>>> print(open('start-v2.cif').read())   # mmCIF, C-alpha atoms
data_entry
loop_
_atom_site.label_atom_id
_atom_site.label_comp_id
_atom_site.auth_asym_id
_atom_site.auth_seq_id
_atom_site.Cartn_x
_atom_site.Cartn_y
_atom_site.Cartn_z
CA MET A 1 47.63 313.44 -72.07
CA ALA A 2 50.25 310.95 -73.31
CA THR A 3 52.55 313.82 -74.38
CA SER A 4 52.28 315.39 -70.93
CA ILE A 5 53.19 312.13 -69.19
CA TYR A 6 56.15 311.65 -71.56
CA LYS A 7 57.45 315.15 -70.82
CA LYS A 8 57.17 314.50 -67.09
CA LEU A 9 59.13 311.25 -67.45
CA VAL A 10 61.86 313.01 -69.48
CA SER A 11 62.02 315.82 -66.91
CA LEU A 12 62.23 313.37 -63.99
CA SER A 13 64.92 311.40 -65.86
CA ASN A 14 66.98 314.60 -66.14
CA VAL A 15 66.53 315.21 -62.41
CA PHE A 16 68.07 311.80 -61.65
CA TYR A 17 70.82 312.49 -64.22
CA ASN A 18 71.73 315.77 -62.46
CA GLU A 19 71.69 313.96 -59.12
CA GLY A 20 74.04 311.30 -60.52
CA LEU A 21 76.33 314.00 -61.94
CA GLU A 22 76.58 315.68 -58.53
CA LYS A 23 77.38 312.39 -56.80
CA ALA A 24 79.99 311.51 -59.42
CA SER A 25 81.68 314.90 -58.91
CA VAL A 26 82.39 313.97 -55.25
CA ARG A 27 83.36 310.39 -56.23
CA ASP A 28 80.23 308.78 -54.76
CA LEU A 29 80.26 306.38 -57.71
CA THR A 30 77.87 303.84 -56.18
CA GLY A 31 75.27 306.51 -55.52
CA ALA A 32 75.83 307.99 -58.97
CA MET A 33 75.23 304.61 -60.65
CA GLU A 34 71.98 304.14 -58.71
CA SER A 35 70.73 307.58 -59.81
CA LEU A 36 71.74 307.04 -63.45
CA HIS A 37 70.08 303.60 -63.58
CA GLN A 38 66.90 305.23 -62.29
CA SER A 39 67.26 307.97 -64.92
CA LEU A 40 67.54 305.38 -67.73
CA LYS A 41 64.54 303.44 -66.42
CA LEU A 42 62.46 306.57 -66.93
CA ASP A 43 64.01 307.50 -70.30
CA LYS A 44 66.30 304.98 -72.01
CA ASN A 45 67.09 307.59 -74.68
CA ASN A 46 68.78 309.92 -72.17
CA ILE A 47 72.14 310.02 -73.96
CA ASN A 48 73.88 312.14 -71.30
CA ALA A 49 72.90 309.70 -68.54
CA ARG A 50 74.00 306.67 -70.59
CA ASN A 51 77.38 308.21 -71.49
CA LEU A 52 78.03 309.24 -67.87
CA LEU A 53 77.09 305.75 -66.67
CA GLY A 54 79.64 304.34 -69.14
CA LEU A 55 82.32 306.68 -67.75
CA ILE A 56 81.58 305.56 -64.19
CA TYR A 57 81.74 301.88 -65.22
CA TYR A 58 85.10 302.62 -66.89
CA GLU A 59 86.37 304.39 -63.76
CA THR A 60 85.46 301.40 -61.57
CA GLY A 61 87.23 298.95 -63.90
CA GLU A 62 84.05 297.60 -65.56
CA VAL A 63 85.30 298.27 -69.09
CA VAL A 64 82.96 295.82 -70.86
CA ALA A 65 79.90 297.37 -69.20
CA ALA A 66 81.21 300.84 -70.12
CA LEU A 67 81.64 299.89 -73.77
CA SER A 68 78.14 298.40 -73.82
CA GLU A 69 76.63 301.69 -72.64
CA TRP A 70 78.60 303.70 -75.20
CA VAL A 71 77.68 301.34 -78.05
CA ILE A 72 74.00 301.63 -77.14
CA SER A 73 74.37 305.41 -76.90
CA LYS A 74 76.01 305.53 -80.34
CA ASN A 75 73.20 303.40 -81.77
CA LEU A 76 70.56 305.74 -80.32
CA GLN A 77 72.35 308.91 -81.49
CA PRO A 78 74.78 308.20 -84.36
CA ASP A 79 75.79 311.84 -84.94
CA GLU A 80 77.56 314.30 -82.63
CA ASN A 81 77.86 311.78 -79.80
CA ILE A 82 80.79 312.06 -77.38
CA ALA A 83 80.56 308.27 -76.94
CA ASP A 84 82.61 308.10 -80.18
CA GLU A 85 85.57 309.67 -78.40
CA TYR A 86 85.22 307.36 -75.41
CA MET A 87 85.18 304.22 -77.60
CA ASP A 88 88.08 305.49 -79.73
CA MET A 89 90.05 306.01 -76.53
CA VAL A 90 89.81 302.26 -75.88
CA ARG A 91 89.77 300.92 -79.45
CA ASN A 92 92.81 302.86 -80.64
CA SER A 93 95.03 301.39 -77.95
CA PRO A 94 95.78 297.68 -78.66
CA SER A 95 97.74 297.40 -75.44
CA LYS A 96 94.76 298.73 -73.50
CA LEU A 97 92.44 296.19 -75.11
CA GLU A 98 94.89 293.39 -74.27
CA ASP A 99 95.06 294.58 -70.64
CA ILE A 100 91.25 294.59 -70.52
CA ASN A 101 91.05 291.02 -71.83
CA GLN A 102 93.74 289.84 -69.40
CA THR A 103 91.96 291.57 -66.51
CA ILE A 104 88.67 289.82 -67.28
CA LYS A 105 90.34 286.41 -67.70
CA LYS A 106 92.40 286.65 -64.50
CA PHE A 107 89.44 287.93 -62.46
CA ASN A 108 87.33 284.99 -63.65
CA ILE A 109 90.19 282.63 -62.77
CA ALA A 110 90.31 284.18 -59.27
CA LEU A 111 86.55 283.60 -58.87
CA ASN A 112 86.99 279.95 -59.90
CA TYR A 113 89.78 279.55 -57.34
CA CYS A 114 87.45 280.98 -54.67
CA HIS A 115 84.78 278.43 -55.59
CA GLN A 116 87.44 275.70 -55.29
CA GLU A 117 88.57 277.03 -51.87
CA SER A 118 92.05 277.75 -53.35
CA LEU A 119 92.14 281.15 -51.66
CA ASP A 120 95.92 281.67 -51.83
CA LEU A 121 95.84 281.21 -55.61
CA ALA A 122 92.87 283.57 -55.82
CA VAL A 123 94.85 286.26 -53.94
CA ILE A 124 97.74 285.87 -56.40
CA GLN A 125 95.42 286.27 -59.40
CA LEU A 126 93.70 289.32 -57.89
CA LYS A 127 97.06 291.01 -57.33
CA LYS A 128 97.83 290.44 -61.01
CA VAL A 129 94.43 291.90 -61.93
CA LEU A 130 95.07 295.03 -59.86
CA SER A 131 98.55 295.45 -61.33
CA LEU A 132 96.86 295.68 -64.76
CA ASN A 133 93.85 297.73 -63.61
CA PRO A 134 94.35 299.45 -60.20
CA GLY A 135 90.88 300.99 -60.38
CA PHE A 136 89.00 297.65 -60.59
CA ILE A 137 86.79 298.04 -57.52
CA LYS A 138 85.36 294.49 -57.61
CA ALA A 139 88.90 293.07 -57.48
CA HIS A 140 89.79 295.28 -54.48
CA LEU A 141 86.61 294.21 -52.65
CA LEU A 142 87.17 290.50 -53.33
CA LEU A 143 90.81 290.78 -52.21
CA ALA A 144 89.72 292.56 -49.01
CA LEU A 145 87.19 289.80 -48.32
CA LEU A 146 89.86 287.10 -48.78
CA TYR A 147 92.18 288.96 -46.42
CA LEU A 148 89.38 289.14 -43.83
CA LYS A 149 88.78 285.40 -44.14
CA ALA A 150 92.52 284.74 -43.68
CA GLY A 151 92.73 287.03 -40.64
CA ASN A 152 94.96 289.61 -42.36
CA TRP A 153 93.07 292.55 -40.89
CA ASP A 154 95.66 295.17 -41.82
CA ARG A 155 95.75 294.19 -45.50
CA ALA A 156 91.95 293.99 -45.62
CA LYS A 157 91.84 297.49 -44.16
CA VAL A 158 94.25 298.79 -46.80
CA GLU A 159 92.17 297.31 -49.67
CA ALA A 160 88.92 298.68 -48.22
CA LYS A 161 90.47 302.16 -47.93
CA LYS A 162 91.59 301.97 -51.56
CA VAL A 163 87.98 301.27 -52.60
CA ILE A 164 86.66 304.16 -50.49
CA LYS A 165 89.25 306.44 -52.08
CA LEU A 166 87.95 305.40 -55.52
CA ASP A 167 84.26 305.32 -54.51
CA THR A 168 83.31 307.25 -51.36
CA GLY A 169 79.81 305.78 -51.32
CA ASN A 170 80.75 302.10 -51.47
CA THR A 171 78.90 300.58 -48.51
CA LEU A 172 80.50 297.15 -48.92
CA ALA A 173 83.98 298.63 -48.53
CA ARG A 174 82.87 300.46 -45.40
CA ARG A 175 81.53 297.21 -43.94
CA TYR A 176 84.86 295.49 -44.58
CA LEU A 177 86.73 298.45 -43.05
CA LYS A 178 84.53 298.34 -39.96
CA GLU A 179 85.07 294.58 -39.62
CA ALA A 180 88.86 294.99 -39.88
CA ASP A 181 88.87 297.80 -37.31
CA SER A 182 86.81 295.74 -34.89
CA MET A 183 89.33 292.88 -35.06
CA LEU A 184 92.40 295.07 -34.46
CA LEU A 185 93.39 295.98 -30.89
CA PRO A 186 92.37 299.41 -29.52
CA GLY A 187 94.86 302.08 -30.49
CA GLU A 188 95.91 300.38 -33.73
CA SER A 189 95.98 302.40 -36.93
CA GLY A 190 97.04 300.00 -39.64
CA LYS A 191 100.07 298.52 -37.80
CA LEU A 192 100.20 295.89 -35.07
CA VAL A 193 101.34 297.23 -31.69
CA SER A 194 102.03 295.33 -28.48
CA ASP A 195 99.82 296.09 -25.53
CA ILE A 196 102.09 295.27 -22.55
CA ALA A 197 100.75 294.76 -19.04
CA SER A 198 102.45 293.14 -16.06
CA SER A 199 100.70 290.76 -13.68
CA GLY A 200 99.80 291.58 -10.14
CA ASN A 201 102.96 290.08 -8.58
CA ASP A 202 105.29 291.55 -11.30
CA GLU A 203 106.77 288.10 -11.96
CA VAL A 204 105.66 287.91 -15.62
CA ILE A 205 104.76 290.26 -18.47
CA ARG A 206 101.73 289.58 -20.64
CA TYR A 207 101.31 291.34 -23.98
CA ASN A 208 99.25 290.92 -27.14
CA SER A 209 100.93 290.52 -30.53
CA GLY A 210 98.32 290.27 -33.26
CA ASN A 211 95.74 287.75 -32.09
CA GLU A 212 98.07 285.98 -29.63
CA MET A 213 98.87 286.69 -25.97
CA ILE A 214 102.56 286.26 -25.05
CA ILE A 215 103.54 285.55 -21.40
CA GLN A 216 107.22 286.32 -20.63
CA PRO A 217 109.07 286.01 -17.28
CA LEU A 218 110.18 289.33 -15.82
CA LYS A 219 114.00 289.62 -15.78
CA LYS A 220 115.51 291.09 -12.62
CA SER A 221 119.03 292.38 -12.16
CA ALA A 222 121.20 290.33 -9.79
CA LEU A 223 123.18 293.45 -8.89
CA THR A 224 120.18 294.79 -6.96
CA ARG A 225 120.50 292.01 -4.41
CA THR A 226 123.92 291.55 -2.70
CA GLY A 227 122.85 288.26 -1.13
CA SER A 228 122.19 286.75 -4.55
CA ILE A 229 125.72 287.70 -5.71
CA TRP A 230 127.43 285.70 -2.92
CA GLY A 231 125.13 282.78 -3.56
CA ILE A 232 126.09 282.75 -7.26
CA VAL A 233 129.83 282.86 -6.42
CA LEU A 234 129.52 279.93 -3.98
CA GLY A 235 127.49 277.93 -6.53
CA ILE A 236 130.18 278.43 -9.21
CA ALA A 237 132.92 277.21 -6.86
CA LEU A 238 130.99 274.10 -5.90
CA GLY A 239 130.23 273.39 -9.54
CA VAL A 240 133.93 273.54 -10.54
CA ALA A 241 134.89 271.17 -7.72
CA ALA A 242 132.19 268.66 -8.67
CA SER A 243 133.34 268.75 -12.28
CA CYS A 244 136.96 268.02 -11.38
CA PHE A 245 136.39 265.17 -8.92
CA LEU A 246 133.14 263.54 -10.09
CA ILE A 247 131.87 264.49 -13.52
CA LEU A 248 135.05 264.89 -15.59
CA PRO A 249 136.44 261.29 -15.32
CA GLN A 250 133.07 259.83 -16.16
CA ARG A 251 132.75 262.25 -19.06
CA ILE A 252 136.09 261.16 -20.54
CA GLU A 253 135.14 257.52 -20.32
CA SER A 254 131.74 258.26 -21.83
CA ILE A 255 133.34 260.11 -24.78
CA THR A 256 135.72 257.23 -25.48
CA ALA A 257 132.90 254.70 -25.51
CA GLY A 258 130.66 257.01 -27.49
CA ASN A 259 133.10 257.49 -30.36
CA LYS A 260 132.49 253.94 -31.56
CA GLU A 261 128.74 254.51 -31.41
CA LYS A 262 129.10 257.73 -33.42
CA ILE A 263 130.99 255.94 -36.19
CA ALA A 264 128.22 253.36 -36.43
CA ASN A 265 125.56 256.08 -36.31
CA ILE A 266 127.29 258.06 -39.06
CA SER A 267 127.23 254.99 -41.28
CA GLU A 268 123.51 254.45 -40.54
CA GLU A 269 122.75 258.13 -41.15
CA SER A 270 124.55 258.00 -44.47
CA ASP A 271 122.41 255.07 -45.57
CA ALA A 272 119.27 256.83 -44.33
CA LYS A 273 120.18 260.04 -46.16
CA SER A 274 120.70 258.09 -49.38
CA ALA A 275 117.25 256.56 -48.97
CA LYS A 276 115.71 259.98 -48.23
CA LEU A 277 117.47 261.49 -51.25
CA SER A 278 115.86 258.86 -53.47
CA GLU A 279 112.49 259.54 -51.84
CA TYR A 280 112.88 263.31 -52.40
CA GLU A 281 113.72 262.74 -56.04
CA GLN A 282 110.49 260.76 -56.45
CA LYS A 283 108.52 263.51 -54.69
CA MET A 284 110.07 266.15 -56.96
CA ALA A 285 109.05 264.15 -60.02
CA SER A 286 105.51 263.91 -58.64
CA MET A 287 105.45 267.67 -57.90
CA ASP A 288 106.63 268.45 -61.43
CA LYS A 289 103.69 266.45 -62.77
CA GLN A 290 101.28 268.30 -60.46
CA ILE A 291 102.70 271.65 -61.60
CA LYS A 292 102.20 270.69 -65.23
CA ASP A 293 98.62 269.57 -64.50
CA LEU A 294 97.87 272.84 -62.69
CA GLN A 295 99.38 274.85 -65.53
CA ALA A 296 97.23 272.99 -68.01
CA GLN A 297 94.22 273.73 -65.82
CA VAL A 298 95.11 277.45 -65.68
CA ASP A 299 95.60 277.52 -69.46
CA SER A 300 92.19 275.95 -69.94
CA TYR A 301 90.61 278.59 -67.66
CA GLU A 302 92.31 281.37 -69.60
CA GLY A 303 91.02 279.94 -72.87
CA VAL A 304 87.37 279.89 -71.74
CA ASP A 305 85.67 283.25 -71.81
CA SER A 306 82.78 283.02 -74.28
CA THR A 307 80.97 286.06 -72.86
CA SER A 308 83.94 288.38 -73.38
CA ALA A 309 84.55 286.98 -76.88
CA SER A 310 80.88 287.48 -77.76
CA MET A 311 80.97 291.09 -76.54
CA ASN A 312 84.08 291.81 -78.63
CA SER A 313 82.49 290.14 -81.67
CA LEU A 314 79.30 292.17 -81.31
CA MET A 315 81.33 295.39 -81.05
CA LYS A 316 83.26 294.48 -84.21
CA ALA A 317 79.99 293.74 -86.03
CA MET A 318 78.51 297.09 -84.96
CA ASP A 319 81.66 298.87 -86.07
CA CYS A 320 81.53 297.07 -89.43
CA TYR A 321 77.87 297.99 -89.86
CA GLU A 322 78.54 301.65 -89.06
CA LYS A 323 81.34 301.79 -91.65
CA ASP A 324 79.43 299.95 -94.42
CA SER A 325 75.96 298.58 -93.77
CA SER A 326 76.10 296.62 -97.04
CA ASP A 327 79.19 294.63 -96.00
CA ILE A 328 77.19 291.52 -95.08
CA GLU A 329 80.21 289.21 -95.30
CA GLY A 330 82.21 291.37 -92.88
CA ILE A 331 79.32 291.56 -90.41
CA ALA A 332 78.76 287.80 -90.65
CA ALA A 333 82.46 287.13 -90.01
CA ALA A 334 82.42 289.40 -86.95
CA LEU A 335 79.39 287.56 -85.50
CA GLU A 336 80.90 284.07 -85.84
CA ASN A 337 81.62 283.87 -82.06
CA VAL A 338 78.15 285.08 -80.96
CA ASP A 339 75.95 282.11 -80.02
CA LEU A 340 72.98 283.25 -77.93
CA ASP A 341 72.04 279.65 -77.03
CA VAL A 342 75.34 279.41 -75.14
CA ILE A 343 75.66 282.87 -73.56
CA ARG A 344 72.06 284.06 -73.16
CA ASP A 345 72.02 283.55 -69.36
CA SER A 346 75.38 285.31 -68.79
CA VAL A 347 75.02 288.55 -70.77
CA SER A 348 73.38 291.82 -69.77
CA PRO A 349 69.98 293.02 -71.02
CA GLU A 350 71.84 295.81 -72.81
CA PHE A 351 73.84 293.26 -74.78
CA LEU A 352 70.66 291.44 -75.86
CA GLU A 353 69.01 294.74 -76.75
CA LEU A 354 72.01 295.78 -78.87
CA TYR A 355 72.14 292.36 -80.55
CA GLU A 356 68.43 292.44 -81.37
CA THR A 357 68.79 295.98 -82.76
CA LEU A 358 71.57 294.84 -85.07
CA MET A 359 69.57 291.76 -86.12
CA SER A 360 66.57 293.92 -87.04
CA LYS A 361 68.79 295.74 -89.52
CA VAL A 362 70.96 292.97 -91.00
CA GLY A 363 69.39 289.69 -89.83
CA PRO A 364 67.35 288.98 -93.02
CA SER A 365 70.36 289.71 -95.25
CA LEU A 366 72.60 287.47 -93.13
CA ALA A 367 70.02 284.70 -93.18
CA THR A 368 69.69 284.87 -96.98
CA SER A 369 73.48 284.75 -97.45
CA TYR A 370 73.91 281.74 -95.16
CA TYR A 371 70.85 280.00 -96.66
CA ASN A 372 72.17 280.27 -100.23
CA THR A 373 75.59 278.95 -99.21
CA GLY A 374 74.03 276.13 -97.16
CA TYR A 375 71.56 275.13 -99.87
CA ASP A 376 74.35 274.94 -102.48
CA ALA A 377 76.39 272.76 -100.11
CA TYR A 378 73.33 270.52 -99.52
CA LYS A 379 72.86 270.04 -103.26
CA ALA A 380 76.57 269.24 -103.56
CA LYS A 381 76.18 266.65 -100.73
CA LYS A 382 78.62 268.56 -98.51
CA TYR A 383 76.48 268.00 -95.47
CA ASP A 384 78.87 269.29 -92.77
CA GLU A 385 79.16 272.59 -94.61
CA ALA A 386 75.40 272.64 -95.21
CA ILE A 387 74.66 272.09 -91.50
CA ALA A 388 77.02 274.90 -90.43
CA ASN A 389 75.54 277.47 -92.84
CA LEU A 390 71.87 276.49 -92.54
CA SER A 391 72.14 276.58 -88.72
CA LYS A 392 73.42 280.17 -88.97
CA ALA A 393 70.67 281.05 -91.45
CA TYR A 394 68.00 279.75 -89.06
CA GLN A 395 69.63 281.60 -86.14
CA TYR A 396 69.24 284.89 -88.00
CA ASP A 397 65.75 284.15 -89.40
CA ASN A 398 63.67 281.47 -87.70
CA THR A 399 60.62 282.13 -89.86
CA ASN A 400 61.98 280.40 -92.98
CA VAL A 401 60.62 276.85 -92.93
CA ASN A 402 62.74 275.84 -95.94
CA THR A 403 65.92 276.58 -93.97
CA LEU A 404 64.80 274.25 -91.16
CA TYR A 405 63.70 271.55 -93.62
CA TYR A 406 67.01 271.39 -95.50
CA LEU A 407 68.86 271.54 -92.18
CA ALA A 408 66.92 268.47 -91.00
CA ASN A 409 67.64 266.69 -94.30
CA SER A 410 71.37 267.49 -93.95
CA TYR A 411 71.45 265.97 -90.45
CA ALA A 412 69.66 262.86 -91.76
CA GLU A 413 72.01 262.44 -94.72
CA ASN A 414 74.99 263.01 -92.41
CA GLY A 415 73.90 260.16 -90.12
CA ASP A 416 72.84 262.32 -87.12
CA ILE A 417 69.35 260.84 -86.81
CA ASP A 418 68.56 262.33 -83.39
CA LYS A 419 69.25 265.86 -84.63
CA ALA A 420 67.25 265.21 -87.79
CA LYS A 421 64.23 264.02 -85.78
CA GLU A 422 64.54 267.09 -83.53
CA LYS A 423 64.40 269.45 -86.54
CA TYR A 424 61.55 267.55 -88.25
CA ASP A 425 59.56 267.74 -84.98
CA ALA A 426 60.24 271.51 -84.85
CA ILE A 427 58.81 271.89 -88.38
CA VAL A 428 55.64 269.98 -87.47
CA THR A 429 55.23 272.01 -84.26
CA ASP A 430 56.19 275.51 -85.46
CA PHE A 431 54.82 275.34 -89.02
CA PRO A 432 51.62 273.22 -88.84
CA ASN A 433 49.22 272.86 -91.78
CA THR A 434 51.98 273.50 -94.34
CA LYS A 435 53.26 271.30 -97.16
CA THR A 436 56.68 271.31 -95.50
CA ALA A 437 55.16 270.04 -92.25
CA ALA A 438 53.52 267.19 -94.16
CA ALA A 439 56.85 266.36 -95.80
CA ALA A 440 58.54 266.43 -92.38
CA GLN A 441 55.93 263.99 -91.00
CA THR A 442 56.66 261.66 -93.91
CA LYS A 443 60.41 261.83 -93.15
CA LEU A 444 59.74 261.07 -89.49
CA ALA A 445 57.63 258.07 -90.43
CA GLU A 446 60.39 256.73 -92.71
CA ILE A 447 62.97 257.12 -89.92
CA ASN A 448 60.73 255.38 -87.35
CA ASN A 449 59.90 252.54 -89.75
CA SER A 450 63.61 252.00 -90.41
CA GLY A 451 64.13 251.32 -86.68
CA ASN A 452 66.19 254.46 -85.88
#
>>> encode(input="start-v2.cif", output="structure tokens")
Amino acid sequence: MATSIYKKLVSLSNVFYNEGLEKASVRDLTGAMESLHQSLKLDKNNINARNLLGLIYYETGEVVAALSEWVISKNLQPDENIADEYMDMVRNSPSKLEDINQTIKKFNIALNYCHQESLDLAVIQLKKVLSLNPGFIKAHLLLALLYLKAGNWDRAKVEAKKVIKLDTGNTLARRYLKEADSMLLPGESGKLVSDIASSGNDEVIRYNSGNEMIIQPLKKSALTRTGSIWGIVLGIALGVAASCFLILPQRIESITAGNKEKIANISEESDAKSAKLSEYEQKMASMDKQIKDLQAQVDSYEGVDSTSASMNSLMKAMDCYEKDSSDIEGIAAALENVDLDVIRDSVSPEFLELYETLMSKVGPSLATSYYNTGYDAYKAKKYDEAIANLSKAYQYDNTNVNTLYYLANSYAENGDIDKAKEKYDAIVTDFPNTKTAAAAQTKLAEINNSGN
């Protein structure tokens, strides 16, 4: 009965895989991912589905997710697995790896700018992301959304079309495209056109340019009306006479009197310009400081990407294990940047599954190596070194009560009483009715009696 159900699940998984393959062949990547996820839910060992899902992630710019799928695939089927070729394609190109890291960092910076309402800076970062990885669909979609918010309907439309070209089944891109089309005037096809219409009395012309309506007086030719010509000629003659007999003498007198005022004004303007120049210099100094502060902020954003660093470290550890499973020191060095307490909420289930698989194979050996180093440091009263190594040992094997006990002692000897009490409490709670728990209770009593 159980065998029959298993065969049905495998068969149904292959049906969803074939469906995903068909959708991928017509570039319906969104639909393909949905089918492949369903296939893997039914049979997580479906290597073909997992490898194809990795290829689709890679095509959409999700390189880290792609590598995760291929690493899992390689772990499930070590021999004769095409995932090897896919990973070599990325690993053997240092420039490609650097572009991937830069893409992730800049996309995260753009997201932070969006959260801070610095949308112009987010647009700049997304353009840099797309210059490094033109197929990054999430970047195209976010850029289209920012253009929609800013009222740049044409640019939003262009970005949405790029996404649809990459992924014909992307519903979010189609929503953005529909929104942009609805905001453009009828008859537009990517470029703004003026819709000109005259008013009922033909005295003005009204036309739309973008989102604005322009009202312009209608120009009429004077040559079409002979009466207007004679009126203009008579007006010119009267104007010349008035200038000669009335306006001109007063103008000369006004110019003579105004020259003195101009000299005084020039002197005042010179003083004012000097004052403004000093003010501008102060503003420039202030702007330079702001630029430096912003640059420091950007640098700090670029330096913070623990999830990406953890993924890279895990991949290096897996690679080291595949080459030589006995190289415990190499595997331990590769895992230095992986701290599950920090990144657990931000990594995928596949990452955790891969990490736990690796730990089941090398965790006890890693724990023993770190414990021996930490214990020797504890005996030598090198408590900082002992804390670092014993913490790692307990991370890789949390069933060894001696590791936790010497870690607590190291904290106590190093003066970190709060941490020591925390570890002693953990011993009493997690390892009750043991000699070590009794010793931990004694240590806690001594600390409390000392007033700490």
>>> resolve_selection(input="start-v2.cif", expression="the PyMOL selection byres ((chain A and resi 164-172) around 8)", output="ChimeraX atom specification")
/A:26-31,60,135,137,141,160-163,173-176
>>> resolve_selection(input="start-v2.cif", expression="the PyMOL selection byres ((chain A and resi 155-158) around 9)", output="list in words")
Leu141, Leu143, Ala144, Leu145, Leu146, Tyr147, Leu148, Gly151, Asn152, Trp153, Asp154, Glu159, Ala160, Lys161, Lys162, Val163, Tyr176, Leu177, Lys178, Glu179, Ala180, Asp181 and Gly190 of chain A
>>> write_last_selection(input="start-v2.cif", atoms="C-alpha atoms", output="short mmCIF file (atom, residue, chain, number, x, y, z; two decimals), in the frame of the given file")
data_model
loop_
_atom_site.label_atom_id
_atom_site.label_comp_id
_atom_site.auth_asym_id
_atom_site.auth_seq_id
_atom_site.Cartn_x
_atom_site.Cartn_y
_atom_site.Cartn_z
CA LEU A 141 86.61 294.21 -52.65
CA LEU A 143 90.81 290.78 -52.21
CA ALA A 144 89.72 292.56 -49.01
CA LEU A 145 87.19 289.80 -48.32
CA LEU A 146 89.86 287.10 -48.78
CA TYR A 147 92.18 288.96 -46.42
CA LEU A 148 89.38 289.14 -43.83
CA GLY A 151 92.73 287.03 -40.64
CA ASN A 152 94.96 289.61 -42.36
CA TRP A 153 93.07 292.55 -40.89
CA ASP A 154 95.66 295.17 -41.82
CA GLU A 159 92.17 297.31 -49.67
CA ALA A 160 88.92 298.68 -48.22
CA LYS A 161 90.47 302.16 -47.93
CA LYS A 162 91.59 301.97 -51.56
CA VAL A 163 87.98 301.27 -52.60
CA TYR A 176 84.86 295.49 -44.58
CA LEU A 177 86.73 298.45 -43.05
CA LYS A 178 84.53 298.34 -39.96
CA GLU A 179 85.07 294.58 -39.62
CA ALA A 180 88.86 294.99 -39.88
CA ASP A 181 88.87 297.80 -37.31
CA GLY A 190 97.04 300.00 -39.64
#
>>> closest_residue(input="start-v2.cif", among="A:Asn133, A:Gln282, A:Asn14, A:Ser325", to="Ser365 (chain A)", atoms="all atoms listed in the file")
A:Ser325
>>> atom_distance(input="start-v2.cif", atom1="CA of Lys74 (chain A)", atom2="CA of Glu322 (chain A)")
9.9 Å
>>> resolve_selection(input="start-v2.cif", expression="the PyMOL selection byres ((chain A and resi 387) around 9)", output="compact mmCIF listing (two decimals) with C-alpha atoms, in the coordinates of the input")
# COMPACT_ATOMS: atom_id res chain seq x y z
CA GLY A 374 74.03 276.13 -97.16
CA ALA A 377 76.39 272.76 -100.11
CA TYR A 378 73.33 270.52 -99.52
CA LYS A 382 78.62 268.56 -98.51
CA TYR A 383 76.48 268.00 -95.47
CA ASP A 384 78.87 269.29 -92.77
CA GLU A 385 79.16 272.59 -94.61
CA ALA A 386 75.40 272.64 -95.21
CA ALA A 388 77.02 274.90 -90.43
CA ASN A 389 75.54 277.47 -92.84
CA LEU A 390 71.87 276.49 -92.54
CA SER A 391 72.14 276.58 -88.72
CA LYS A 392 73.42 280.17 -88.97
CA TYR A 406 67.01 271.39 -95.50
CA LEU A 407 68.86 271.54 -92.18
CA ALA A 408 66.92 268.47 -91.00
CA SER A 410 71.37 267.49 -93.95
CA TYR A 411 71.45 265.97 -90.45
>>> residues_around(input="start-v2.cif", residues="Glu356 (chain A)", least_positions_apart="2", cutoff="12 Å", atoms="all atoms listed in the file", output="list of chain:residue names")
A:Ile72, A:Asn75, A:Leu314, A:Met318, A:Leu340, A:Pro349, A:Glu350, A:Phe351, A:Leu352, A:Glu353, A:Leu354, A:Leu358, A:Met359, A:Ser360, A:Lys361, A:Val362, A:Gly363, A:Gln395, A:Tyr396, A:Asp397
>>> residues_around(input="start-v2.cif", residues="Lys128 (chain A)", least_positions_apart="2", cutoff="10 Å", atoms="all atoms listed in the file", output="JSON, numbers by chain")
{"A": [102, 103, 106, 107, 110, 122, 123, 124, 125, 126, 130, 131, 132, 133, 134, 139]}
>>> closest_residue(input="start-v2.cif", among="A:Thr403, A:Asn449, A:Asn433, A:Asn81", to="Thr373 (chain A)", atoms="only C-alpha atoms")
A:Thr403
>>> atom_distance(input="start-v2.cif", atom1="CA of Tyr86 (chain A)", atom2="CA of Tyr355 (chain A)")
20.6 Å
